[in-house]
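Here's final-v1.txt, which has compact mmCIF, C-alpha atoms:
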# COMPACT_ATOMS: atom_id res chain seq x y z
CA MET A 1 -79.55 207.26 190.81
CA LEU A 2 -78.86 207.39 194.53
CA PRO A 3 -77.77 203.89 195.57
CA LYS A 4 -77.15 204.90 199.17
CA ALA A 5 -80.59 206.37 199.73
CA MET A 6 -82.09 203.28 198.13
CA SER A 7 -80.16 200.86 200.27
CA ASP A 8 -81.21 202.91 203.29
CA VAL A 9 -84.82 202.54 202.31
CA ALA A 10 -84.23 198.86 201.53
CA ALA A 11 -82.75 198.39 204.98
CA LYS A 12 -85.69 200.19 206.58
CA THR A 13 -88.34 198.22 204.77
CA GLY A 14 -86.46 194.94 205.16
CA LEU A 15 -86.84 194.02 201.50
CA SER A 16 -84.26 191.92 199.71
CA PRO A 17 -83.35 192.70 196.12
CA VAL A 18 -85.31 190.75 193.52
CA PRO A 19 -84.39 191.62 189.92
CA SER A 20 -87.07 192.45 187.37
CA ALA A 21 -87.22 190.03 184.48
CA THR A 22 -89.21 191.88 181.82
CA GLY A 23 -88.01 194.85 179.86
CA ASN A 24 -90.35 194.61 176.87
CA ASP A 25 -93.72 196.22 176.40
CA ILE A 26 -96.38 195.11 178.84
CA PRO A 27 -99.95 195.39 177.52
CA VAL A 28 -102.16 197.96 179.27
CA ARG A 29 -104.69 195.16 179.69
CA SER A 30 -102.24 193.13 181.81
CA ILE A 31 -101.49 196.19 183.95
CA PHE A 32 -105.22 196.75 184.44
CA LEU A 33 -105.85 193.11 185.38
CA GLU A 34 -102.95 192.87 187.84
CA PHE A 35 -103.93 196.06 189.66
CA LEU A 36 -107.57 194.98 189.62
CA PHE A 37 -106.51 191.73 191.29
CA ILE A 38 -104.49 193.60 193.94
CA GLY A 39 -107.38 196.02 194.43
CA ALA A 40 -109.80 193.15 195.00
CA THR A 41 -107.68 190.93 197.24
CA SER A 42 -105.73 193.28 199.53
CA PHE A 43 -107.96 192.79 202.56
CA GLY A 44 -106.77 194.08 205.91
CA GLY A 45 -104.95 197.28 205.06
CA GLY A 46 -101.37 196.36 204.16
CA VAL A 47 -101.74 197.06 200.44
CA VAL A 48 -97.99 197.71 199.99
CA ALA A 49 -97.18 194.07 200.79
CA TYR A 50 -99.76 192.93 198.23
CA LEU A 51 -98.27 195.32 195.66
CA ARG A 52 -94.80 193.87 196.21
CA ASP A 53 -96.12 190.30 195.92
CA GLY A 54 -97.86 191.09 192.64
CA LEU A 55 -95.44 193.49 190.95
CA VAL A 56 -92.03 192.35 192.14
CA LEU A 57 -92.39 188.66 192.95
CA LYS A 58 -95.17 187.43 190.66
CA ARG A 59 -94.97 189.61 187.55
CA ARG A 60 -91.36 190.84 187.90
CA TRP A 61 -92.34 194.15 186.34
CA VAL A 62 -90.13 196.14 188.71
CA ASP A 63 -87.23 195.01 190.88
CA ASP A 64 -87.00 195.54 194.62
CA GLN A 65 -84.73 198.59 194.28
CA GLU A 66 -87.22 200.35 192.03
CA PHE A 67 -90.04 199.28 194.30
CA VAL A 68 -88.55 200.85 197.45
CA GLU A 69 -87.60 203.92 195.42
CA TYR A 70 -91.24 204.34 194.32
CA LEU A 71 -92.36 203.67 197.87
CA ALA A 72 -90.11 206.45 199.18
CA ILE A 73 -91.59 208.87 196.62
CA SER A 74 -95.14 207.70 197.45
CA GLN A 75 -94.63 208.36 201.13
CA SER A 76 -93.17 211.85 200.65
CA LEU A 77 -95.99 212.99 198.38
CA PRO A 78 -99.57 213.60 199.41
CA GLY A 79 -101.85 210.76 198.38
CA LEU A 80 -102.37 207.20 199.53
CA ASN A 81 -99.43 204.83 199.14
CA ALA A 82 -101.58 202.42 197.14
CA THR A 83 -102.70 204.97 194.53
CA ASN A 84 -99.34 206.76 194.31
CA MET A 85 -97.62 203.41 193.75
CA ALA A 86 -100.19 202.54 191.07
CA VAL A 87 -99.51 205.82 189.23
CA LEU A 88 -95.71 205.52 189.51
CA VAL A 89 -95.48 201.87 188.49
CA GLY A 90 -98.14 202.24 185.79
CA ASP A 91 -96.23 205.20 184.34
CA ARG A 92 -92.94 203.30 184.46
CA LEU A 93 -94.53 200.36 182.58
CA ARG A 94 -96.68 202.08 179.94
CA GLY A 95 -96.60 205.85 180.47
CA LEU A 96 -99.81 207.82 180.97
CA ARG A 97 -102.10 205.01 179.80
CA GLY A 98 -100.42 202.57 182.17
CA ALA A 99 -100.76 205.01 185.07
CA LEU A 100 -104.47 205.60 184.38
CA ALA A 101 -105.18 201.87 184.00
CA ALA A 102 -103.37 201.00 187.24
CA LEU A 103 -105.03 203.81 189.22
CA PHE A 104 -108.53 203.01 187.98
CA ALA A 105 -108.09 199.26 188.51
CA ILE A 106 -106.74 199.43 192.05
CA CYS A 107 -109.63 201.70 193.12
CA LEU A 108 -112.52 199.94 191.37
CA PRO A 109 -113.18 196.87 193.58
CA GLY A 110 -112.94 198.77 196.88
CA ALA A 111 -115.10 201.61 195.54
CA ILE A 112 -117.89 199.22 194.50
CA LEU A 113 -117.67 197.36 197.82
CA MET A 114 -117.75 200.53 199.93
CA MET A 115 -120.64 201.92 197.90
CA ILE A 116 -122.68 198.80 198.65
CA ALA A 117 -121.55 198.91 202.30
CA GLY A 118 -122.52 202.60 202.49
CA VAL A 119 -126.01 201.99 201.07
CA ALA A 120 -126.54 199.05 203.46
CA TYR A 121 -125.26 201.10 206.39
CA HIS A 122 -127.54 203.99 205.49
CA ALA A 123 -130.53 201.63 205.48
CA HIS A 124 -129.72 199.52 208.55
CA GLY A 125 -127.04 201.47 210.42
CA SER A 126 -129.28 202.46 213.30
CA GLN A 127 -130.31 198.90 214.26
CA PRO A 128 -128.87 198.05 217.71
CA MET A 129 -127.08 194.91 216.51
CA VAL A 130 -125.42 196.74 213.58
CA THR A 131 -124.31 199.59 215.87
CA ALA A 132 -122.88 197.07 218.34
CA VAL A 133 -120.92 195.19 215.67
CA LEU A 134 -119.58 198.42 214.18
CA LYS A 135 -118.59 199.64 217.62
CA GLY A 136 -116.41 196.52 217.86
CA VAL A 137 -115.07 197.05 214.31
CA ALA A 138 -114.18 200.68 215.09
CA ALA A 139 -112.38 199.66 218.29
CA ALA A 140 -110.41 197.02 216.37
CA ALA A 141 -109.68 199.58 213.63
CA ILE A 142 -108.07 201.98 216.10
CA GLY A 143 -105.82 199.13 217.25
CA LEU A 144 -104.99 198.43 213.61
CA ILE A 145 -104.18 202.00 212.57
CA LEU A 146 -102.17 202.62 215.73
CA ALA A 147 -100.14 199.44 215.09
CA THR A 148 -99.53 200.50 211.46
CA THR A 149 -98.37 203.95 212.57
CA ILE A 150 -96.08 202.52 215.26
CA GLN A 151 -94.55 200.03 212.80
CA LEU A 152 -93.96 202.80 210.27
CA GLY A 153 -92.37 204.94 212.99
CA ARG A 154 -90.08 202.13 214.12
CA LYS A 155 -88.80 201.65 210.57
CA SER A 156 -88.12 205.29 209.90
CA PHE A 157 -86.76 206.76 213.15
CA ALA A 158 -83.08 207.51 212.99
CA HIS A 159 -82.62 210.35 215.49
CA ALA A 160 -84.14 211.49 218.75
CA TYR A 161 -84.88 214.78 216.92
CA ASP A 162 -87.48 212.90 214.92
CA LEU A 163 -89.52 212.56 218.11
CA VAL A 164 -89.46 216.35 218.50
CA PHE A 165 -90.94 216.83 215.02
CA VAL A 166 -93.51 214.08 215.64
CA GLY A 167 -94.42 215.74 218.94
CA LEU A 168 -94.68 219.23 217.43
CA THR A 169 -96.93 217.91 214.66
CA VAL A 170 -99.26 216.04 217.02
CA PHE A 171 -99.38 219.02 219.40
CA GLY A 172 -100.15 221.45 216.59
CA VAL A 173 -103.00 219.42 215.10
CA ASP A 174 -104.45 217.76 218.17
CA GLN A 175 -103.95 220.31 220.96
CA LEU A 176 -103.67 223.70 219.22
CA HIS A 177 -106.30 222.65 216.65
CA GLN A 178 -104.29 224.17 213.83
CA SER A 179 -105.22 223.12 210.31
CA VAL A 180 -103.20 220.25 208.85
CA PRO A 181 -101.71 222.36 206.00
CA ARG A 182 -100.47 225.00 208.43
CA VAL A 183 -98.78 222.43 210.67
CA LEU A 184 -97.44 220.57 207.66
CA ILE A 185 -95.86 223.72 206.22
CA VAL A 186 -94.45 225.05 209.50
CA VAL A 187 -93.12 221.82 211.02
CA GLY A 188 -92.30 220.36 207.60
CA ILE A 189 -90.07 223.29 206.65
CA LEU A 190 -88.42 223.23 210.09
CA ALA A 191 -87.69 219.50 209.72
CA ILE A 192 -86.43 219.81 206.14
CA LEU A 193 -84.11 222.66 207.17
CA TRP A 194 -82.94 220.63 210.16
CA TYR A 195 -81.97 217.80 207.81
CA ARG A 196 -80.65 220.22 205.17
CA PRO A 197 -77.82 219.05 202.95
CA ARG A 198 -74.47 219.64 204.64
CA LYS A 199 -71.01 219.43 203.20
CA PRO A 200 -68.84 216.85 204.97
CA LYS A 201 -66.60 219.54 206.50
CA GLN A 202 -69.48 221.44 208.05
CA THR A 203 -71.03 218.57 209.96
CA ALA A 204 -70.36 220.14 213.37
CA PRO A 205 -73.40 222.19 214.39
CA MET B 1 -125.51 220.99 192.17
CA THR B 2 -124.30 223.06 195.12
CA GLN B 3 -123.81 219.80 197.03
CA LEU B 4 -121.67 218.43 194.19
CA ILE B 5 -119.53 221.56 194.26
CA SER B 6 -119.15 221.28 198.03
CA LEU B 7 -118.13 217.61 197.66
CA LEU B 8 -115.61 218.59 195.00
CA ARG B 9 -114.10 221.32 197.15
CA VAL B 10 -113.99 219.32 200.37
CA PHE B 11 -112.51 216.14 198.91
CA SER B 12 -109.95 217.81 196.64
CA TYR B 13 -108.78 219.77 199.70
CA LEU B 14 -108.62 216.58 201.81
CA SER B 15 -106.75 214.88 198.98
CA ILE B 16 -103.66 217.08 199.34
CA LEU B 17 -103.58 216.59 203.13
CA THR B 18 -102.99 212.85 202.92
CA VAL B 19 -99.24 213.06 203.54
CA GLY B 20 -98.13 209.71 204.90
CA GLY B 21 -101.58 208.15 204.51
CA GLY B 22 -105.31 208.78 204.47
CA LEU B 23 -105.39 208.97 208.24
CA ALA B 24 -103.46 212.26 208.15
CA ALA B 25 -106.56 213.89 206.66
CA PHE B 26 -108.93 212.46 209.29
CA PRO B 27 -109.02 215.44 211.73
CA GLU B 28 -109.79 217.83 208.85
CA MET B 29 -112.28 215.40 207.32
CA LYS B 30 -114.10 215.17 210.62
CA ASN B 31 -114.27 218.95 210.85
CA LEU B 32 -115.52 219.43 207.28
CA VAL B 33 -117.98 216.57 206.78
CA VAL B 34 -119.34 216.46 210.36
CA ASN B 35 -119.15 220.02 211.72
CA VAL B 36 -119.18 222.27 208.67
CA HIS B 37 -121.37 220.43 206.14
CA GLN B 38 -123.14 218.04 208.53
CA TRP B 39 -123.36 215.33 205.88
CA LEU B 40 -123.15 212.71 208.65
CA ASN B 41 -122.45 212.57 212.39
CA PHE B 42 -119.16 211.65 214.03
CA THR B 43 -120.26 208.11 214.94
CA GLN B 44 -121.31 207.43 211.35
CA LEU B 45 -117.97 208.76 210.09
CA VAL B 46 -116.11 206.50 212.53
CA HIS B 47 -118.20 203.50 211.42
CA LEU B 48 -117.62 204.15 207.71
CA TYR B 49 -113.92 204.82 208.24
CA SER B 50 -113.56 201.54 210.15
CA MET B 51 -115.26 199.59 207.36
CA GLY B 52 -112.91 201.27 204.90
CA GLN B 53 -109.90 200.01 206.83
CA VAL B 54 -110.77 196.39 206.12
CA SER B 55 -112.12 196.72 202.60
CA PRO B 56 -109.58 195.75 199.91
CA GLY B 57 -107.69 198.34 197.89
CA PRO B 58 -106.78 201.89 198.96
CA ASN B 59 -108.04 202.33 202.53
CA MET B 60 -109.97 205.56 201.99
CA MET B 61 -112.68 204.12 199.75
CA MET B 62 -115.22 204.94 202.44
CA ILE B 63 -115.39 208.40 200.85
CA VAL B 64 -117.63 206.92 198.12
CA ALA B 65 -120.21 206.13 200.81
CA ILE B 66 -120.25 209.82 201.80
CA GLY B 67 -120.55 210.86 198.14
CA GLU B 68 -123.40 208.41 197.65
CA TRP B 69 -125.30 209.65 200.74
CA VAL B 70 -124.97 213.28 199.74
CA ALA B 71 -125.61 213.13 195.99
CA GLY B 72 -126.09 209.56 194.73
CA ILE B 73 -124.01 208.19 191.86
CA PRO B 74 -122.90 211.67 190.65
CA GLY B 75 -121.69 212.23 194.21
CA VAL B 76 -119.63 209.04 194.06
CA ILE B 77 -117.96 210.09 190.80
CA VAL B 78 -117.26 213.63 192.01
CA VAL B 79 -115.79 212.39 195.29
CA LEU B 80 -113.53 209.85 193.56
CA LEU B 81 -112.25 212.38 191.00
CA ALA B 82 -111.77 215.07 193.65
CA PHE B 83 -109.99 212.81 196.11
CA PHE B 84 -107.76 210.82 193.75
CA GLY B 85 -107.31 213.25 190.85
CA PRO B 86 -105.06 215.91 192.42
CA THR B 87 -102.68 213.48 194.14
CA ALA B 88 -102.54 211.22 191.06
CA LEU B 89 -101.50 214.21 188.93
CA LEU B 90 -98.89 215.16 191.54
CA ALA B 91 -97.54 211.62 191.69
CA PHE B 92 -97.41 211.47 187.89
CA PHE B 93 -95.50 214.71 187.35
CA ILE B 94 -93.45 214.90 190.56
CA GLY B 95 -92.66 211.17 190.19
CA ARG B 96 -91.02 211.84 186.82
CA LEU B 97 -89.26 214.93 188.15
CA TRP B 98 -88.23 213.23 191.41
CA THR B 99 -86.45 210.42 189.56
CA ARG B 100 -84.47 213.02 187.63
CA LEU B 101 -83.63 214.88 190.86
CA ALA B 102 -81.91 211.83 192.36
CA LYS B 103 -78.66 213.74 192.81
CA TRP B 104 -80.23 216.92 194.14
CA PRO B 105 -79.06 217.09 197.79
CA TRP B 106 -82.31 218.64 199.04
CA ARG B 107 -84.23 215.62 197.84
CA ALA B 108 -82.85 213.48 200.66
CA SER B 109 -83.51 216.35 203.11
CA ILE B 110 -87.14 216.58 202.02
CA GLU B 111 -87.69 212.82 202.36
CA ARG B 112 -85.87 212.81 205.68
CA GLY B 113 -87.68 215.83 207.09
CA LEU B 114 -91.18 214.86 205.99
CA THR B 115 -90.97 211.39 207.55
CA PRO B 116 -91.41 212.44 211.22
CA VAL B 117 -94.00 215.06 210.22
CA SER B 118 -96.08 212.50 208.35
CA ILE B 119 -95.90 210.13 211.32
CA GLY B 120 -97.04 212.99 213.55
CA LEU B 121 -99.97 213.65 211.20
CA LEU B 122 -100.90 209.96 211.31
CA LEU B 123 -100.76 209.94 215.12
CA ALA B 124 -102.94 213.06 215.28
CA GLY B 125 -105.36 211.21 213.00
CA CYS B 126 -105.26 208.21 215.35
CA LEU B 127 -106.11 210.43 218.32
CA SER B 128 -108.98 212.14 216.52
CA PHE B 129 -110.36 208.77 215.39
CA ALA B 130 -109.89 207.21 218.83
CA ARG B 131 -112.15 209.85 220.39
CA GLY B 132 -115.00 208.43 218.36
CA ALA B 133 -113.99 204.76 218.48
CA VAL B 134 -112.88 204.26 222.08
CA THR B 135 -115.83 205.30 224.17
CA ASP B 136 -115.80 202.89 227.12
CA ARG B 137 -113.84 200.07 228.77
CA GLY B 138 -115.09 197.45 226.32
CA THR B 139 -113.94 199.32 223.22
CA ALA B 140 -110.64 200.23 224.91
CA ALA B 141 -110.06 196.52 225.66
CA ILE B 142 -110.71 195.50 222.03
CA ALA B 143 -108.38 198.25 220.75
CA VAL B 144 -105.54 197.31 223.12
CA VAL B 145 -105.82 193.58 222.35
CA VAL B 146 -105.77 194.21 218.59
CA LEU B 147 -102.79 196.57 218.95
CA LEU B 148 -100.77 194.10 221.04
CA VAL B 149 -101.54 191.12 218.79
CA LEU B 150 -100.56 193.08 215.67
CA LEU B 151 -97.31 194.32 217.19
CA SER B 152 -96.28 190.82 218.20
CA SER B 153 -97.45 188.67 215.25
CA LYS B 154 -97.90 188.73 211.48
CA ILE B 155 -101.58 187.78 211.42
CA ASN B 156 -103.70 189.45 208.71
CA PRO B 157 -105.46 192.38 210.46
CA ALA B 158 -108.71 191.48 208.69
CA TRP B 159 -109.12 188.51 211.07
CA LEU B 160 -108.71 190.75 214.11
CA VAL B 161 -111.25 193.23 212.78
CA LEU B 162 -113.63 190.31 212.24
CA ALA B 163 -112.97 189.21 215.83
CA GLY B 164 -113.64 192.80 216.94
CA ALA B 165 -116.96 192.72 215.07
CA ILE B 166 -118.00 189.51 216.83
CA ALA B 167 -116.83 190.80 220.21
CA GLY B 168 -118.76 194.02 219.60
CA GLY B 169 -121.93 192.17 218.70
CA LEU B 170 -121.68 189.97 221.80
CA ALA B 171 -120.65 192.70 224.24
CA PHE B 172 -122.67 195.70 223.08
CA GLY B 173 -125.54 194.12 221.14
CA PRO B 174 -129.08 193.43 222.31
CA LYS B 175 -129.20 190.33 224.51
CA ILE B 176 -130.66 187.55 222.42
CA VAL B 177 -130.94 184.85 225.10

For the file at hand, write its structure as C-alpha cells.
Amino acid sequence: MLPKAMSDVAAKTGLSPVPSATGNDIPVRSIFLEFLFIGATSFGGGVVAYLRDGLVLKRRWVDDQEFVEYLAISQSLPGLNATNMAVLVGDRLRGLRGALAALFAICLPGAILMMIAGVAYHAHGSQPMVTAVLKGVAAAAIGLILATTIQLGRKSFAHAYDLVFVGLTVFGVDQLHQSVPRVLIVVGILAILWYRPRKPKQTAP
Amino acid sequence: MTQLISLLRVFSYLSILTVGGGLAAFPEMKNLVVNVHQWLNFTQLVHLYSMGQVSPGPNMMMIVAIGEWVAGIPGVIVVLLAFFGPTALLAFFIGRLWTRLAKWPWRASIERGLTPVSIGLLLAGCLSFARGAVTDRGTAAIAVVVLLVLLSSKINPAWLVLAGAIAGGLAFGPKIV
C-alpha cells in the first residue's frame, strides 16, 4: 500500500473517500448487469464519472481509495480507461470471470450502437444533409476532446518540466512524424528517468 | 481472410498505443486505415470517430464500424478481440503485479513520468483529428464554443455535440427554404 501516492491521486481527481460496504461474494451476474448499465448509459464521454457513480456510490463494491488507485493504474497502462477499469474492478470482485464479465458488458451496448451507426453511415453518409450534420458533430467533438485533454493536464501537472515532456511528445508525433511507439519509448524513458526515485539526501540535482 | 488478418494486425497494434486514451492512437490509426489500407477516407474516419465520442461506453467503439465495412460480422469480432484483447490481458496481469509493487520506488516514477507523455500523445491526437474536423471558419467556431463551454461549466458534453449537429445541419446543409 502507498497511502501517499493514493492521497495524491485523490487530491488530483478531487474525490472524497467513500468506504466500500460489501466484502462478500458478488455474483458474476450482478457484475455483468452493472457494467452493462454503465456501458449503455455513459453518454458524452466521461465514462470514469459513471463508473464511480455505479461502483463506489451505488453498489459500494470498491471504496474511493481503491477506485483512484485503479484509475492511476488504468492511466499508466495502454488501453482505454473504461476497459482497464472494468478488468481491474472485475478481477478484484470475482477474479478472471469477473474481469471478463465486466469487460464484455461495458463494451456490448456501445459496440451494437456503433455497428448500427456504421451501417447507416455507410448507406447514407454521402447525402449532403448527413455530411453537414456530421461536420458539425466532428467540430463539436474536437472541442470535447481538447477540453478533456486540458482538464486531464490541469489535474496532473506538478512541474514546469512536465510541459517539456508534453512538448517533446507532441513535436515528435505531430511535427517529426515519428511513430507513436518510438516517441513513447524515447520520451517516456527520459521522463521516467527524470522522475527516478531519489533518496532524501540526494535531492539536490 | 487476408482482410481479417490485416484487421487483426492493425487493431492489435493500435491497441497497445492507447496510452492515456484512445485518442493517443489516432495519428497512427489515420495512417494505417486511411493511407496504408485505404479502408476509408480521412473524412469518413473523422465522422466515425466523432460519433464514437458521444456513443455510450468506451469511446473507441467506432472501430466496429470499420471492421463491419471491411469484413462484415467476422470483421467486427476480429476488430473487437484485436483492439481490446491485448490491453485487457495487460491490465489483468500488470494490475495484479502493480498492486504488489506498491512499495517499489520506480512505480511512482513510472506513473509520474508517463503522465506528461500520455498528455502529449493525446494532444498530438487532437491535432491530427483537428486537421480533418476543423476545415473552415464555421467548424472552428463550433469547436471553440464547445471548448469554452466545457471548460467553464459541468454540462454533459452529449448536449453540446447535439447542438453541434444541429448547427452543422443549419450552417452547412442544403438550404431547405

Exercise: A:Thr41 partners within 9 Å, all atoms listed in the file, chain neighbours under 4 positions left out, as a ChimeraX atom specification: /A:36-37,50,109 /B:56-57

Keeping C-alpha atoms, export the residues of the selection given above as an mmCIF file, keeping the file's coordinate frame.
data_model
loop_
_atom_site.group_PDB
_atom_site.id
_atom_site.type_symbol
_atom_site.label_atom_id
_atom_site.label_comp_id
_atom_site.auth_asym_id
_atom_site.auth_seq_id
_atom_site.Cartn_x
_atom_site.Cartn_y
_atom_site.Cartn_z
ATOM 1 C CA LEU A 36 -107.570 194.980 189.620
ATOM 2 C CA PHE A 37 -106.510 191.730 191.290
ATOM 3 C CA TYR A 50 -99.760 192.930 198.230
ATOM 4 C CA PRO A 109 -113.180 196.870 193.580
ATOM 5 C CA PRO B 56 -109.580 195.750 199.910
ATOM 6 C CA GLY B 57 -107.690 198.340 197.890
#

Report, in Å to a single decimal, how far apart atom CA of B:Ser118 and atom CA of B:Val19 are.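 Separation of atom CA of B:Val19 and atom CA of B:Ser118: 5.8 Å.
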
Selection: 9 Å around A:Gly172, all atoms listed in the file, excl. self and same-chain fewer than 6 positions, as JSON, numbers by chain: {"A": [178, 179, 180, 182, 183, 187], "B": [124]}

Please list as a ChimeraX atom specification every residue within 10 Å of B:Arg112, counting all atoms listed in the file and excluding residues in the same chain fewer than 2 positions away. /A:76,156-158,162,191-192,194-196 /B:106-110,114-117

Tell me which residues come within 9 Å of (-109.3, 198.7, 214.6), as a PyMOL selection string, counting all atoms listed in the file in the file's coordinates. (chain A and resi 136-146) or (chain B and resi 50+53-54+133+142-143+146-147+157+160-161+164)

Using all atoms listed in the file, the shortest atom-to-atom distance to chain A among B:Arg131, B:Lys175, B:Lys154, B:His47 belongs to B:His47

Within 9 Å of B:Leu23, counting only C-alpha atoms, which residues qualify if same-chain residues fewer than 4 places away don't, as a ChimeraX atom specification? /A:145 /B:18-19,27,60,121-126,129

Up to 10 Å from (-115.6, 202.3, 200.9) in the file's coordinates: name the residues, counting all atoms listed in the file, as a compact mmCIF listing (two decimals) with C-alpha atoms, in the frame of the given file.
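point-v3.txt, freshly written:
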# COMPACT_ATOMS: atom_id res chain seq x y z
CA CYS A 107 -109.63 201.70 193.12
CA PRO A 109 -113.18 196.87 193.58
CA GLY A 110 -112.94 198.77 196.88
CA ALA A 111 -115.10 201.61 195.54
CA ILE A 112 -117.89 199.22 194.50
CA LEU A 113 -117.67 197.36 197.82
CA MET A 114 -117.75 200.53 199.93
CA MET A 115 -120.64 201.92 197.90
CA ILE A 116 -122.68 198.80 198.65
CA ALA A 117 -121.55 198.91 202.30
CA GLY A 118 -122.52 202.60 202.49
CA LEU B 48 -117.62 204.15 207.71
CA TYR B 49 -113.92 204.82 208.24
CA SER B 50 -113.56 201.54 210.15
CA MET B 51 -115.26 199.59 207.36
CA GLY B 52 -112.91 201.27 204.90
CA GLN B 53 -109.90 200.01 206.83
CA VAL B 54 -110.77 196.39 206.12
CA SER B 55 -112.12 196.72 202.60
CA PRO B 56 -109.58 195.75 199.91
CA GLY B 57 -107.69 198.34 197.89
CA PRO B 58 -106.78 201.89 198.96
CA ASN B 59 -108.04 202.33 202.53
CA MET B 60 -109.97 205.56 201.99
CA MET B 61 -112.68 204.12 199.75
CA MET B 62 -115.22 204.94 202.44
CA ILE B 63 -115.39 208.40 200.85
CA VAL B 64 -117.63 206.92 198.12
CA ALA B 65 -120.21 206.13 200.81
CA ILE B 66 -120.25 209.82 201.80

Have a look at B:Phe26, B:Phe11, B:Phe92, B:Trp104 and name the one nearest to chain A; count all atoms listed in the file. B:Phe92

Between atom CA of B:Leu40 and atom CA of B:Val70, distance in Å (one decimal): 9.1 Å

Check the smallest atom-to-atom distance from each of B:Thr99, B:Gly72, B:Leu45, B:Gly113 to A:Gly125 using all atoms listed in the file, then report the winner.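 Result for the nearest residue to A:Gly125: B:Leu45.
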
Taking into account only C-alpha atoms, which residue in the set B:Gly67, B:Gly75, B:Thr87, B:Thr43 is nearest to B:Gly21?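 Using only C-alpha atoms, B:Gly21 sits closest to B:Thr87.
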
Nearest residue to chain B from the set A:Leu152, A:Leu93, A:Val133, A:Ala160 (distances using all atoms listed in the file): A:Val133

What does the structure give for the distance between atom CA of A:Met85 and atom CA of B:Ala24, in Å to one decimal?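 The value is 17.9 Å.
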